[in-house]
Amino acid sequence: MRLSRASSARLVVAAAAVLTAVAGSTAALGSTAALGSTAALGSTAALGSTASNASHASNASHASDPGTLIVHPAADHVRGAFMAPVPFSDAQCEAVFRIDCYVPDQIEAAYNLPALYGRGVTGKGQTIVVVDAFGSPTIADDLLQFDQYLGLGTPPLRIVQVGHVPTFDSGNGDMIGWADETTLDVEYAHAGAPDAKIVLVEVAKDDLQHLALAVRYAVQHRLGDVISLSWGEPEQALGREFVSSYSSIFSQAASRHITIVASSGDSGAAGQDDQGNYYHYPVANWPATSPFVTAVGGTRLNLNASGARNGLDAAWNDTYSAAVNDFFFGNDGPNPLATGGGKSAYYGRPGYQNGVRNITGNQRGVPDISMSASCSVAVNVFETFTGGQGGWTASCGTSESAPMFAAIIALADQVAGHPLGLVNPALYALAAQHAPGIVAVASGNNTVSFSGRTVHGYSVRRGYNLVTGLGTVNGQYLVPELAHSA
């Protein structure tokens, strides 16, 4: 889920996913044989009706075949990206757009990753898999330019196509949105773990069934030990049957010691149904809600002009920021623009969340952890797929935080000398021990408003919460802690 700046009076939002039901069945990609039953994580991890959200889930309207729900950018088309020949400086962004902009070096420093790089912990020998629809026709060249300008060093990039991926159409808004998504995912997975290999899985169709089956393909063929997903939809839009049918993909990944991380969403406590309308009550996004997935939320970095930390981060919520709404939507808002988080309607509480049952109740709570995603503290990406020389543009959303956390896992895998697989039990155990690798988030919430309505979400509190999870990351400590604990 990714937000990117477009020119003209309005800005394309490539992250706030809209669901569109399409007629007809979709062909399975590769083998669709069941991967085995979903093993329970603790006594309450089984998929089933749970507590307060269950009534919403049972009454929810969703497409007759939720697997055919298409994920595409909220805007109907792109009018061309606002780009620069060099990365935007923070001063430039503040002066022109009234937001902050950072380059990867500043993001890496915010999480104390250079301390690891200096010890040779760079992701060497590891592989991060990114799964996106369509991909980008220029991703290899864009990554090279991104690397050369920032001095990161270019990793091997392998592209795997699942199904017959159509030729890129620069007039297709969905393809533009997914190319945006692909660029952010690949560049920031690489930025966090500069020596890790990247495998980009390009999916032939942008519906939920094909995306999920592409994840299955990546697991079955073990394309890498870490898989990063920056897409998802509210469980209520998919329905219990669909979610149950595809749950085994993630349980099998865990059984094979493959870590899967997924964005928690960019619409705060809200989310959209199959008609593109926002729910009027809190929802949570799948596949982030799977107990076998590490759900990654978003924060707003608290840095000074030089990039050094001023203090603790806050939860990402730009819903009520006039400057951000004007930059990304072309109006003063409010528009839902915040970290996703909440309680699953279908998954019970996994055993590793027993210690935070006072927050989650009997349900799976998300997110598990958070990293930078705020649109008021955007990041620079390089892209040329829209034609011409392309350039640098500003981006944000949990499509930034998810690949960055995938990079953290790749670093930890290198230190451990083996793939860590499902890291959630270790994360919750470390938080309970007050390990320094997990850092508290100071404040915030994921309440959002739209069209005169407000969906009241959750607030940051000490310890686990349904906004930023356990908190955020000090990579210098979390990487070795995970390597020794998971």
# chains A, B, ... in the order shown; residues from 1 in each chain; ligands from 1
>>> residues_around(residues="stretch 253-270 of chain A", least_positions_apart="6", cutoff="7 Å", atoms="only C-alpha atoms", output="number ranges by chain")
A: 1, 15-16, 219, 225-231, 278-279, 281-283, 285, 287-288, 292-297, 336-342, 367, 397-399, 402, 406, 419-422, 446-448, 455, 457
>>> residues_around(residues="A:Val201", least_positions_apart="6", cutoff="7 Å", atoms="only C-alpha atoms", output="MDAnalysis selection string")
chainID A and resid 130:132 159:162
>>> write_last_selection(atoms="C-alpha atoms", output="PDB file, in the first residue's frame")
ATOM      1  CA  VAL A 130       8.556  -8.847  -3.315  1.00  0.00           C
ATOM      2  CA  VAL A 131       5.166  -9.864  -4.761  1.00  0.00           C
ATOM      3  CA  ASP A 132       3.301  -7.273  -6.860  1.00  0.00           C
ATOM      4  CA  ILE A 159      12.304 -11.066 -11.953  1.00  0.00           C
ATOM      5  CA  VAL A 160       9.917 -14.040 -11.869  1.00  0.00           C
ATOM      6  CA  GLN A 161       6.639 -13.804 -13.726  1.00  0.00           C
ATOM      7  CA  VAL A 162       3.688 -15.866 -12.525  1.00  0.00           C
TER       8      VAL A 162
END
>>> select_by_dssp(residues="stretch 90-139 of chain A", states="alpha helix (DSSP H)", output="VMD selection string")
chain A and resid 90 to 96 104 to 110 114 to 117 139
>>> write_last_selection(atoms="C-alpha atoms", output="compact mmCIF listing (two decimals), in the first residue's frame")
# COMPACT_ATOMS: atom_id res chain seq x y z
CA ASP A 90 14.09 18.12 3.39
CA ALA A 91 14.40 21.89 3.06
CA GLN A 92 13.01 21.80 -0.51
CA CYS A 93 10.04 19.70 0.51
CA GLU A 94 9.26 21.91 3.48
CA ALA A 95 9.52 25.08 1.41
CA VAL A 96 7.48 23.88 -1.57
CA PRO A 104 17.52 6.22 2.49
CA ASP A 105 20.65 7.25 4.41
CA GLN A 106 18.51 9.27 6.80
CA ILE A 107 15.98 6.45 7.23
CA GLU A 108 18.76 3.94 7.85
CA ALA A 109 20.34 6.25 10.43
CA ALA A 110 16.98 6.69 12.18
CA PRO A 114 24.80 1.88 9.87
CA ALA A 115 26.12 0.33 13.11
CA LEU A 116 25.25 -3.06 11.62
CA TYR A 117 26.59 -2.25 8.16
CA ILE A 139 12.57 -1.52 -12.36
>>> select_by_dssp(residues="stretch 197-317 of chain A", states="strand (DSSP E or B)", output="number ranges by chain")
A: 197-203, 207, 226-229, 233-234, 259-263, 267, 272, 278, 285-286, 294-300, 303, 309, 314-315, 317
>>> closest_residue(among="A:Val441, A:Cys101, A:Val121, A:Val377", to="A:Val415", atoms="only C-alpha atoms")
A:Val121
>>> residues_around(residues="A:Asn310", least_positions_apart="5", cutoff="12 Å", atoms="only C-alpha atoms", output="mmCIF file with C-alpha atoms, in the first residue's frame")
data_model
loop_
_atom_site.group_PDB
_atom_site.id
_atom_site.type_symbol
_atom_site.label_atom_id
_atom_site.label_comp_id
_atom_site.auth_asym_id
_atom_site.auth_seq_id
_atom_site.Cartn_x
_atom_site.Cartn_y
_atom_site.Cartn_z
ATOM 1 C CA ALA A 110 16.985 6.689 12.181
ATOM 2 C CA ARG A 300 5.970 9.314 11.799
ATOM 3 C CA LEU A 301 9.698 9.722 12.317
ATOM 4 C CA ASN A 302 10.743 12.423 14.769
ATOM 5 C CA LEU A 303 13.970 13.778 13.264
ATOM 6 C CA ASN A 304 15.656 17.168 13.275
ATOM 7 C CA ALA A 305 16.951 18.982 10.190
ATOM 8 C CA ALA A 442 5.006 8.228 21.944
#
>>> closest_residue(among="A:Gly120, A:Gly151, A:Gly232, A:Gly135", to="A:Asp174", atoms="only C-alpha atoms")
A:Gly135
>>> residues_around(residues="A:Gly192", least_positions_apart="4", cutoff="8 Å", atoms="only C-alpha atoms", output="PyMOL selection string")
chain A and resi 104+108+113+188+404+407-408
>>> write_last_selection(atoms="N, CA and C atoms", output="tab-separated table (two decimals), in the first residue's frame")
chain	number	residue	atom	x	y	z
A	104	PRO	N	17.29	7.45	1.72
A	104	PRO	CA	17.52	6.22	2.49
A	104	PRO	C	18.56	6.34	3.60
A	108	GLU	N	17.89	4.95	7.26
A	108	GLU	CA	18.76	3.94	7.85
A	108	GLU	C	19.33	4.42	9.18
A	113	LEU	N	20.88	1.50	11.62
A	113	LEU	CA	21.37	0.40	10.76
A	113	LEU	C	22.83	0.55	10.37
A	188	TYR	N	13.17	0.13	-1.36
A	188	TYR	CA	13.36	0.25	0.09
A	188	TYR	C	13.65	-1.08	0.78
A	404	MET	N	10.88	-2.30	4.45
A	404	MET	CA	11.95	-1.96	5.38
A	404	MET	C	12.06	-3.00	6.49
A	407	ALA	N	13.67	-6.03	5.25
A	407	ALA	CA	15.13	-5.86	5.27
A	407	ALA	C	15.71	-6.16	6.65
A	408	ILE	N	15.02	-5.72	7.70
A	408	ILE	CA	15.47	-6.03	9.07
A	408	ILE	C	15.56	-7.54	9.26
>>> decode(residues="stretch 199-266 of chain A", atoms="C-alpha atoms", output="PDB file, in the first residue's frame")
ATOM      1  CA  VAL A 199      13.408 -11.385  -6.296  1.00  0.00           C
ATOM      2  CA  LEU A 200      10.463  -9.516  -7.787  1.00  0.00           C
ATOM      3  CA  VAL A 201       7.448 -11.723  -8.464  1.00  0.00           C
ATOM      4  CA  GLU A 202       5.311 -10.058 -11.124  1.00  0.00           C
ATOM      5  CA  VAL A 203       1.724 -11.327 -11.104  1.00  0.00           C
ATOM      6  CA  ALA A 204      -0.347 -11.486 -14.303  1.00  0.00           C
ATOM      7  CA  LYS A 205      -3.543 -10.122 -12.734  1.00  0.00           C
ATOM      8  CA  ASP A 206      -4.198  -7.701  -9.892  1.00  0.00           C
ATOM      9  CA  ASP A 207      -6.977  -9.581  -8.144  1.00  0.00           C
ATOM     10  CA  LEU A 208      -6.692 -11.095  -4.694  1.00  0.00           C
ATOM     11  CA  GLN A 209      -6.761 -14.701  -5.876  1.00  0.00           C
ATOM     12  CA  HIS A 210      -3.854 -14.280  -8.276  1.00  0.00           C
ATOM     13  CA  LEU A 211      -1.828 -12.294  -5.752  1.00  0.00           C
ATOM     14  CA  ALA A 212      -2.382 -14.929  -3.063  1.00  0.00           C
ATOM     15  CA  LEU A 213      -1.523 -17.767  -5.434  1.00  0.00           C
ATOM     16  CA  ALA A 214       1.671 -15.957  -6.403  1.00  0.00           C
ATOM     17  CA  VAL A 215       2.646 -15.962  -2.731  1.00  0.00           C
ATOM     18  CA  ARG A 216       1.958 -19.704  -2.720  1.00  0.00           C
ATOM     19  CA  TYR A 217       4.245 -20.055  -5.752  1.00  0.00           C
ATOM     20  CA  ALA A 218       7.013 -18.137  -3.966  1.00  0.00           C
ATOM     21  CA  VAL A 219       6.646 -20.378  -0.907  1.00  0.00           C
ATOM     22  CA  GLN A 220       6.490 -23.653  -2.814  1.00  0.00           C
ATOM     23  CA  HIS A 221       9.521 -22.739  -4.935  1.00  0.00           C
ATOM     24  CA  ARG A 222      11.329 -21.126  -1.999  1.00  0.00           C
ATOM     25  CA  LEU A 223      12.287 -18.051  -3.948  1.00  0.00           C
ATOM     26  CA  GLY A 224      13.632 -16.500  -0.759  1.00  0.00           C
ATOM     27  CA  ASP A 225      13.519 -16.646   3.023  1.00  0.00           C
ATOM     28  CA  VAL A 226      11.692 -13.320   3.461  1.00  0.00           C
ATOM     29  CA  ILE A 227       8.569 -12.306   1.516  1.00  0.00           C
ATOM     30  CA  SER A 228       7.270  -8.730   1.562  1.00  0.00           C
ATOM     31  CA  LEU A 229       3.627  -7.933   0.720  1.00  0.00           C
ATOM     32  CA  SER A 230       2.395  -4.357   0.392  1.00  0.00           C
ATOM     33  CA  TRP A 231      -1.218  -5.128  -0.413  1.00  0.00           C
ATOM     34  CA  GLY A 232      -4.334  -6.356   1.312  1.00  0.00           C
ATOM     35  CA  GLU A 233      -8.032  -5.781   1.774  1.00  0.00           C
ATOM     36  CA  PRO A 234     -10.469  -5.704   4.703  1.00  0.00           C
ATOM     37  CA  GLU A 235     -11.461  -9.191   5.789  1.00  0.00           C
ATOM     38  CA  GLN A 236     -15.126  -8.233   5.522  1.00  0.00           C
ATOM     39  CA  ALA A 237     -14.708  -7.458   1.824  1.00  0.00           C
ATOM     40  CA  LEU A 238     -13.306 -10.941   1.252  1.00  0.00           C
ATOM     41  CA  GLY A 239     -15.499 -13.064   3.484  1.00  0.00           C
ATOM     42  CA  ARG A 240     -14.687 -15.932   5.821  1.00  0.00           C
ATOM     43  CA  GLU A 241     -14.635 -18.592   3.081  1.00  0.00           C
ATOM     44  CA  PHE A 242     -12.016 -16.807   0.985  1.00  0.00           C
ATOM     45  CA  VAL A 243      -9.784 -16.029   3.959  1.00  0.00           C
ATOM     46  CA  SER A 244     -10.034 -19.600   5.205  1.00  0.00           C
ATOM     47  CA  SER A 245      -9.282 -21.038   1.766  1.00  0.00           C
ATOM     48  CA  TYR A 246      -5.976 -19.202   1.463  1.00  0.00           C
ATOM     49  CA  SER A 247      -4.790 -19.345   5.082  1.00  0.00           C
ATOM     50  CA  SER A 248      -2.706 -22.463   4.458  1.00  0.00           C
ATOM     51  CA  ILE A 249      -0.331 -20.465   2.241  1.00  0.00           C
ATOM     52  CA  PHE A 250       0.938 -18.595   5.272  1.00  0.00           C
ATOM     53  CA  SER A 251       0.992 -21.539   7.660  1.00  0.00           C
ATOM     54  CA  GLN A 252       3.095 -23.474   5.171  1.00  0.00           C
ATOM     55  CA  ALA A 253       5.502 -20.549   4.878  1.00  0.00           C
ATOM     56  CA  ALA A 254       5.945 -20.652   8.653  1.00  0.00           C
ATOM     57  CA  SER A 255       6.476 -24.420   8.586  1.00  0.00           C
ATOM     58  CA  ARG A 256       9.225 -23.893   5.996  1.00  0.00           C
ATOM     59  CA  HIS A 257      10.868 -21.150   8.090  1.00  0.00           C
ATOM     60  CA  ILE A 258       9.956 -18.422   5.603  1.00  0.00           C
ATOM     61  CA  THR A 259       9.102 -15.020   7.082  1.00  0.00           C
ATOM     62  CA  ILE A 260       6.188 -13.137   5.526  1.00  0.00           C
ATOM     63  CA  VAL A 261       5.630  -9.470   6.343  1.00  0.00           C
ATOM     64  CA  ALA A 262       2.592  -7.506   5.171  1.00  0.00           C
ATOM     65  CA  SER A 263       1.401  -3.908   5.304  1.00  0.00           C
ATOM     66  CA  SER A 264      -1.331  -3.258   7.841  1.00  0.00           C
ATOM     67  CA  GLY A 265      -2.965  -0.681   5.551  1.00  0.00           C
ATOM     68  CA  ASP A 266      -3.090   3.052   4.819  1.00  0.00           C
TER      69      ASP A 266
END
